[in-house]
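A.B. asks: Sharing model_5.cif, mmCIF, C-alpha atoms and all ligand atoms:
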data_coords
loop_
_atom_site.group_PDB
_atom_site.id
_atom_site.type_symbol
_atom_site.label_atom_id
_atom_site.label_comp_id
_atom_site.auth_asym_id
_atom_site.auth_seq_id
_atom_site.Cartn_x
_atom_site.Cartn_y
_atom_site.Cartn_z
ATOM 1 C CA MET A 1 -13.301 -10.526 -23.072
ATOM 2 C CA GLU A 2 -10.450 -9.232 -25.192
ATOM 3 C CA LEU A 3 -7.052 -8.618 -23.604
ATOM 4 C CA THR A 4 -4.753 -6.786 -26.014
ATOM 5 C CA HIS A 5 -1.399 -6.736 -24.163
ATOM 6 C CA ILE A 6 0.261 -6.480 -20.777
ATOM 7 C CA GLU A 7 -0.276 -2.806 -19.992
ATOM 8 C CA HIS A 8 2.093 -2.765 -17.019
ATOM 9 C CA ILE A 9 3.677 -4.742 -14.227
ATOM 10 C CA GLY A 10 3.408 -3.146 -10.789
ATOM 11 C CA ILE A 11 6.384 -3.529 -8.449
ATOM 12 C CA ALA A 12 6.193 -2.638 -4.762
ATOM 13 C CA VAL A 13 9.300 -0.845 -3.470
ATOM 14 C CA LYS A 14 10.232 0.771 -0.184
ATOM 15 C CA ASP A 15 12.266 3.617 -1.675
ATOM 16 C CA LEU A 16 11.084 4.995 -5.026
ATOM 17 C CA GLU A 17 14.198 7.107 -5.665
ATOM 18 C CA ALA A 18 16.532 4.150 -5.064
ATOM 19 C CA ALA A 19 14.427 1.896 -7.299
ATOM 20 C CA ILE A 20 14.300 4.534 -10.074
ATOM 21 C CA ALA A 21 18.107 4.744 -9.929
ATOM 22 C CA TYR A 22 18.365 0.969 -10.417
ATOM 23 C CA TYR A 23 16.038 0.942 -13.440
ATOM 24 C CA GLU A 24 17.797 3.953 -14.998
ATOM 25 C CA ASN A 25 21.454 3.319 -14.154
ATOM 26 C CA ILE A 26 21.624 -0.463 -14.318
ATOM 27 C CA LEU A 27 18.851 -1.416 -16.749
ATOM 28 C CA GLY A 28 19.139 1.751 -18.838
ATOM 29 C CA LEU A 29 15.417 2.566 -18.905
ATOM 30 C CA LYS A 30 14.121 6.129 -18.591
ATOM 31 C CA CYS A 31 11.611 7.159 -15.965
ATOM 32 C CA TYR A 32 9.108 9.261 -17.931
ATOM 33 C CA ALA A 33 6.599 10.078 -15.202
ATOM 34 C CA VAL A 34 6.253 10.206 -11.426
ATOM 35 C CA GLU A 35 2.696 10.531 -10.157
ATOM 36 C CA GLU A 36 0.973 10.288 -6.817
ATOM 37 C CA VAL A 37 -2.316 8.377 -6.805
ATOM 38 C CA LYS A 38 -3.906 9.635 -3.579
ATOM 39 C CA ASP A 39 -6.852 7.278 -3.786
ATOM 40 C CA GLN A 40 -4.453 4.278 -3.731
ATOM 41 C CA LYS A 41 -2.000 5.790 -1.226
ATOM 42 C CA VAL A 42 0.928 5.364 -3.588
ATOM 43 C CA LYS A 43 3.551 7.335 -5.432
ATOM 44 C CA THR A 44 4.303 5.761 -8.813
ATOM 45 C CA ALA A 45 7.148 5.933 -11.310
ATOM 46 C CA PHE A 46 6.757 4.741 -14.905
ATOM 47 C CA PHE A 47 9.125 3.218 -17.453
ATOM 48 C CA LYS A 48 8.238 1.981 -20.911
ATOM 49 C CA ILE A 49 9.649 -1.138 -22.531
ATOM 50 C CA GLY A 50 8.027 -1.990 -25.869
ATOM 51 C CA GLN A 51 4.267 -1.751 -25.438
ATOM 52 C CA THR A 52 4.520 -2.576 -21.742
ATOM 53 C CA LYS A 53 5.217 -0.330 -18.792
ATOM 54 C CA ILE A 54 6.833 -0.967 -15.454
ATOM 55 C CA GLU A 55 5.105 0.839 -12.606
ATOM 56 C CA LEU A 56 7.121 1.222 -9.418
ATOM 57 C CA LEU A 57 4.924 1.719 -6.351
ATOM 58 C CA GLU A 58 5.984 3.320 -3.086
ATOM 59 C CA SER A 59 3.378 3.583 -0.372
ATOM 60 C CA THR A 60 2.497 7.014 0.987
ATOM 61 C CA ALA A 61 0.676 5.664 4.071
ATOM 62 C CA SER A 62 1.334 2.805 6.480
ATOM 63 C CA ASP A 63 -2.223 1.481 6.015
ATOM 64 C CA GLY A 64 -2.119 1.549 2.191
ATOM 65 C CA PRO A 65 -2.293 -1.639 0.076
ATOM 66 C CA VAL A 66 1.353 -1.424 -0.975
ATOM 67 C CA ALA A 67 2.605 -0.860 2.597
ATOM 68 C CA LYS A 68 0.576 -3.879 3.750
ATOM 69 C CA PHE A 69 1.905 -5.965 0.859
ATOM 70 C CA ILE A 70 5.557 -5.135 1.677
ATOM 71 C CA GLU A 71 5.003 -5.781 5.372
ATOM 72 C CA LYS A 72 3.537 -9.221 4.669
ATOM 73 C CA ARG A 73 5.474 -10.370 1.589
ATOM 74 C CA GLY A 74 8.414 -7.972 1.099
ATOM 75 C CA GLU A 75 9.284 -5.928 -1.973
ATOM 76 C CA GLY A 76 8.564 -7.427 -5.383
ATOM 77 C CA ILE A 77 5.975 -7.919 -8.101
ATOM 78 C CA HIS A 78 2.692 -6.596 -6.753
ATOM 79 C CA HIS A 79 0.308 -6.887 -9.699
ATOM 80 C CA MET A 80 -0.045 -7.513 -13.410
ATOM 81 C CA ALA A 81 -2.234 -5.248 -15.502
ATOM 82 C CA PHE A 82 -3.875 -6.239 -18.777
ATOM 83 C CA ALA A 83 -5.134 -3.742 -21.340
ATOM 84 C CA VAL A 84 -8.732 -4.549 -22.238
ATOM 85 C CA ASN A 85 -10.996 -3.179 -24.945
ATOM 86 C CA ASN A 86 -14.025 -2.782 -22.704
ATOM 87 C CA ILE A 87 -13.421 -2.810 -18.964
ATOM 88 C CA GLU A 88 -17.086 -3.070 -17.910
ATOM 89 C CA ASN A 89 -17.550 -6.115 -20.146
ATOM 90 C CA ALA A 90 -14.326 -7.710 -18.874
ATOM 91 C CA LEU A 91 -15.404 -7.216 -15.237
ATOM 92 C CA ALA A 92 -18.908 -8.539 -15.876
ATOM 93 C CA GLU A 93 -17.546 -11.622 -17.628
ATOM 94 C CA ALA A 94 -14.978 -12.342 -14.892
ATOM 95 C CA GLU A 95 -17.635 -12.007 -12.189
ATOM 96 C CA GLN A 96 -20.117 -14.124 -14.100
ATOM 97 C CA LYS A 97 -17.416 -16.837 -14.327
ATOM 98 C CA GLY A 98 -16.944 -16.795 -10.564
ATOM 99 C CA VAL A 99 -13.964 -14.474 -10.036
ATOM 100 C CA ARG A 100 -14.171 -12.180 -6.998
ATOM 101 C CA LEU A 101 -13.898 -8.548 -8.035
ATOM 102 C CA ILE A 102 -12.148 -6.014 -5.804
ATOM 103 C CA ASP A 103 -13.661 -3.212 -7.912
ATOM 104 C CA LYS A 104 -17.156 -3.789 -9.247
ATOM 105 C CA GLN A 105 -16.906 -0.546 -11.196
ATOM 106 C CA PRO A 106 -13.820 0.911 -12.870
ATOM 107 C CA ARG A 107 -12.147 3.905 -11.256
ATOM 108 C CA LYS A 108 -9.427 6.330 -12.298
ATOM 109 C CA GLY A 109 -5.852 5.135 -11.876
ATOM 110 C CA ALA A 110 -2.438 6.524 -12.799
ATOM 111 C CA GLU A 111 -2.122 8.114 -16.252
ATOM 112 C CA GLY A 112 -5.884 8.693 -16.386
ATOM 113 C CA LEU A 113 -6.659 5.053 -17.195
ATOM 114 C CA ASP A 114 -9.868 3.359 -16.115
ATOM 115 C CA ILE A 115 -8.773 0.512 -13.859
ATOM 116 C CA ALA A 116 -10.225 -2.319 -11.770
ATOM 117 C CA PHE A 117 -8.700 -5.179 -9.772
ATOM 118 C CA LEU A 118 -9.551 -8.891 -9.439
ATOM 119 C CA HIS A 119 -8.842 -10.572 -6.092
ATOM 120 C CA PRO A 120 -5.534 -12.528 -6.024
ATOM 121 C CA LYS A 121 -7.164 -15.405 -4.140
ATOM 122 C CA ASN A 122 -9.139 -16.192 -7.325
ATOM 123 C CA THR A 123 -6.349 -15.532 -9.830
ATOM 124 C CA PHE A 124 -3.691 -18.041 -8.773
ATOM 125 C CA GLY A 125 -1.979 -15.600 -6.440
ATOM 126 C CA VAL A 126 -1.480 -12.751 -8.921
ATOM 127 C CA LEU A 127 -3.297 -9.508 -8.152
ATOM 128 C CA THR A 128 -4.771 -8.794 -11.597
ATOM 129 C CA GLU A 129 -5.738 -5.405 -12.971
ATOM 130 C CA PHE A 130 -7.759 -4.518 -16.047
ATOM 131 C CA CYS A 131 -7.003 -1.158 -17.707
ATOM 132 C CA GLU A 132 -8.808 0.714 -20.430
ATOM 133 C CA ASP A 133 -7.351 3.835 -22.000
ATOM 134 C CA ARG A 134 -10.480 5.734 -22.979
ATOM 135 C CA LYS A 135 -8.733 9.068 -23.491
ATOM 136 C CA ASN A 136 -6.754 7.728 -26.464
ATOM 137 C CA LYS A 137 -9.809 6.247 -28.167
ATOM 138 C CA SER A 138 -11.522 8.140 -30.923
HETATM 139 N N1 LIG B 201 -0.623 -10.141 -4.747
HETATM 140 C C1 LIG B 201 -0.894 -11.407 -4.327
HETATM 141 N N2 LIG B 201 -1.481 -11.685 -3.126
HETATM 142 C C2 LIG B 201 -1.765 -10.634 -2.341
HETATM 143 C C3 LIG B 201 -1.513 -9.301 -2.713
HETATM 144 C C4 LIG B 201 -0.906 -9.080 -3.985
HETATM 145 N N3 LIG B 201 -0.620 -7.859 -4.409
HETATM 146 N N4 LIG B 201 -1.916 -8.480 -1.718
HETATM 147 C C5 LIG B 201 -2.414 -9.257 -0.745
HETATM 148 N N5 LIG B 201 -2.312 -10.541 -1.125
HETATM 149 C C6 LIG B 201 -2.729 -11.705 -0.383
HETATM 150 C C7 LIG B 201 -2.338 -11.625 1.083
HETATM 151 O O1 LIG B 201 -0.992 -12.058 1.257
HETATM 152 C C8 LIG B 201 -3.348 -12.532 1.729
HETATM 153 O O2 LIG B 201 -2.952 -13.868 1.565
HETATM 154 P P1 LIG B 201 -3.023 -14.903 2.785
HETATM 155 O O3 LIG B 201 -4.462 -14.895 3.200
HETATM 156 O O4 LIG B 201 -2.574 -16.187 2.180
HETATM 157 O O5 LIG B 201 -2.108 -14.335 3.811
HETATM 158 C C9 LIG B 201 -4.593 -12.316 0.868
HETATM 159 O O6 LIG B 201 -4.145 -11.743 -0.358
HETATM 160 C C10 LIG B 201 -5.632 -11.395 1.444
HETATM 161 O O7 LIG B 201 -4.967 -10.434 2.085
HETATM 162 P P2 LIG B 201 -5.727 -9.541 3.131
HETATM 163 O O8 LIG B 201 -4.764 -9.230 4.209
HETATM 164 O O9 LIG B 201 -7.004 -10.097 3.521
HETATM 165 O O10 LIG B 201 -6.141 -8.347 2.283
HETATM 166 P P3 LIG B 201 -5.418 -7.027 2.175
HETATM 167 O O11 LIG B 201 -6.094 -6.104 3.107
HETATM 168 O O12 LIG B 201 -3.940 -7.201 2.215
HETATM 169 O O13 LIG B 201 -5.842 -6.619 0.693
HETATM 170 C C11 LIG B 201 -6.076 -6.723 -1.621
HETATM 171 C C12 LIG B 201 -5.404 -7.340 -0.413
HETATM 172 C C13 LIG B 201 -5.436 -7.364 -2.864
HETATM 173 C C14 LIG B 201 -7.565 -7.004 -1.589
HETATM 174 C C15 LIG B 201 -5.819 -5.169 -1.576
HETATM 175 O O14 LIG B 201 -4.418 -4.921 -1.579
HETATM 176 C C16 LIG B 201 -6.433 -4.431 -2.740
HETATM 177 O O15 LIG B 201 -7.600 -4.091 -2.717
HETATM 178 N N6 LIG B 201 -5.649 -4.162 -3.809
HETATM 179 C C17 LIG B 201 -6.131 -3.419 -4.965
HETATM 180 C C18 LIG B 201 -5.660 -1.989 -4.941
HETATM 181 C C19 LIG B 201 -4.167 -1.880 -4.970
HETATM 182 O O16 LIG B 201 -3.428 -2.855 -4.839
HETATM 183 N N7 LIG B 201 -3.669 -0.634 -5.162
HETATM 184 C C20 LIG B 201 -2.263 -0.347 -5.242
HETATM 185 C C21 LIG B 201 -1.803 -0.182 -6.670
HETATM 186 C C22 LIG B 201 -2.452 1.018 -7.292
HETATM 187 C C23 LIG B 201 -1.935 1.400 -8.657
HETATM 188 O O17 LIG B 201 -1.427 0.560 -9.396
HETATM 189 O O18 LIG B 201 -2.081 2.597 -8.990
#
Write out the structure in this file as structure tokens.
Ligand code: CMX
C.D. replies:
Amino acid sequence: MELTHIEHIGIAVKDLEAAIAYYENILGLKCYAVEEVKDQKVKTAFFKIGQTKIELLESTASDGPVAKFIEKRGEGIHHMAFAVNNIENALAEAEQKGVRLIDKQPRKGAEGLDIAFLHPKNTFGVLTEFCEDRKNKS
């Protein structure tokens, strides 16, 4: 598979507005988008730093993955997302090499990207996401 860069780092927070204020007022980054991803039960806020984004994640439901994560492990880094050239190929290769897939097929995530997750129990404790940006490909 071909990973091109770290697309984003996902950070679970309890209060999106308070976290946005920290990233803007202390770190001096600019929040350029806030988007709800209903499917994932999260509200997200995005910042760009170089080629990489930071995605803040606030849960919108007590049974959502981010709410469960915060309950169990507290706020903090939730996942790391790699940009890949071909997400189906990357998933097939990971599975063939014995990694448990959370998503066997890509689905739509924030910013219209095609996304899929690998299980953290097989990735040394880091929930790993593959992302492919098909809309910006010619
Ligand atoms: N990073 C590392 N480990 C994690 C984790 C994370 N983000 N989330 C859960 N775990 C750990 C748990 O602590 C647990 O470990 P222990 O068994 O040692 O306690 C283990 O994984 C399994 O946990 P679980 O309770 O059986 O499973 P959950 O129901 O908590 O589900 C997971 C975990 C990763 C399968 C689920 O959160 C998932 O499917 N995630 C993918 C989707 C997602 O995270 N969406 C939110 C972001 C969406 C976006 O970016 O737009």
A.B. asks: Go through chain A residue by residue and, counting only C-alpha atoms and all ligand atoms, keep those with an atom at most 6 Å from ligand LIG 201 (chain B); for each kept residue give the shortest atom pair and its distance in Å to one decimal, ordered by chain and increasing number, as a tab-separated table.
C.D. replies:
residue	atom	partner	partner_atom	distance
A:Gln40	CA	B:LIG201	N7	5.2
A:Pro65	CA	B:LIG201	O14	4.2
A:Val66	CA	B:LIG201	C20	5.7
A:Lys68	CA	B:LIG201	O12	5.8
A:Phe69	CA	B:LIG201	N4	5.3
A:His78	CA	B:LIG201	N3	4.2
A:His79	CA	B:LIG201	N3	5.5
A:Ile102	CA	B:LIG201	O15	5.8
A:Gly109	CA	B:LIG201	O18	5.4
A:Ala110	CA	B:LIG201	O18	5.5
A:Phe117	CA	B:LIG201	C17	5.7
A:His119	CA	B:LIG201	C13	5.7
A:Pro120	CA	B:LIG201	N2	5.1
A:Gly125	CA	B:LIG201	C1	4.8
A:Val126	CA	B:LIG201	C1	4.8
A:Leu127	CA	B:LIG201	N1	4.4
A.B. asks: With all atoms listed in the file as the atoms that count, which of A:Ala12, A:Val34, A:Ala116, A:Ala18 lies nearest to Phe82 in chain A?
C.D. replies: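 Selected residue with least distance to Phe82 in chain A: A:Ala116.
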A.B. asks: Would you translate the PyMOL selection byres (((chain A and resi 106) around 6) and not hetatm) into the concrete set of residues it matches in this file, as a list in words?
C.D. replies: Gln105, Arg107, Asp114, Ile115 and Ala116 of chain A
A.B. asks: I need the residues from that last selection saved to file as a short mmCIF file (atom, residue, chain, number, x, y, z; two decimals), keeping the file's coordinate frame (with C-alpha atoms), if you can.
C.D. replies:
data_model
loop_
_atom_site.label_atom_id
_atom_site.label_comp_id
_atom_site.auth_asym_id
_atom_site.auth_seq_id
_atom_site.Cartn_x
_atom_site.Cartn_y
_atom_site.Cartn_z
CA GLN A 105 -16.91 -0.55 -11.20
CA ARG A 107 -12.15 3.90 -11.26
CA ASP A 114 -9.87 3.36 -16.11
CA ILE A 115 -8.77 0.51 -13.86
CA ALA A 116 -10.22 -2.32 -11.77
#
A.B. asks: Put the listed atoms of range 1-16 of chain A in a box along x, y and z with 6 Å added on every side and give me the centre and edge lengths in Å to one decimal, as AutoDock Vina command-line options.
C.D. replies:
--center_x -0.5 --center_y -2.8 --center_z -13.1 --size_x 37.6 --size_y 27.5 --size_z 37.8
A.B. asks: If we count all atoms listed in the file and set the cut-off at 10 Å, which residues sit around Val37 in chain A, ignoring sequence neighbours fewer than 5 positions away in its own chain? Please answer as a PyMOL selection string.
C.D. replies: chain A and resi 42-44+57+59-60+108-111
A.B. asks: For the atom pair CA of Ile6 in chain A and CA of Met80 in chain A, what is the interatomic distance in Å to one decimal place?
C.D. replies: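 CA of Met80 in chain A lies at a distance of 7.4 Å from CA of Ile6 in chain A.
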A.B. asks: Care to translate the PyMOL selection byres (((chain A and resi 29) around 10) and not hetatm) into actual residues of this file, as a PyMOL selection string?
C.D. replies: chain A and resi 20-28+30-32+46-49+54
A.B. asks: Since I can't run it myself right now, could you work out what the PyMOL selection byres (((chain A and resi 132) around 7) and not hetatm) selects here and report it as an NGL selection string?
C.D. replies: :A and (83-87 or 113-115 or 130-131 or 133-134)
A.B. asks: Quick one, how far is CA of Lys121 in chain A from CA of Lys38 in chain A?
C.D. replies: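 Those two atoms sit 25.3 Å apart.
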A.B. asks: So how far away is CA of Asp103 in chain A from CA of Ala45 in chain A, in Å?
C.D. replies: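 Answer for the CA of Ala45 in chain A to CA of Asp103 in chain A separation: 23.0 Å.
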A.B. asks: Out of A:Lys104, A:Glu35, A:Thr52, A:Ala94, which residue has the shortest atom-to-atom distance to Thr4 in chain A when counting all atoms listed in the file?
C.D. replies: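 Result for the nearest residue to Thr4 in chain A: A:Thr52.
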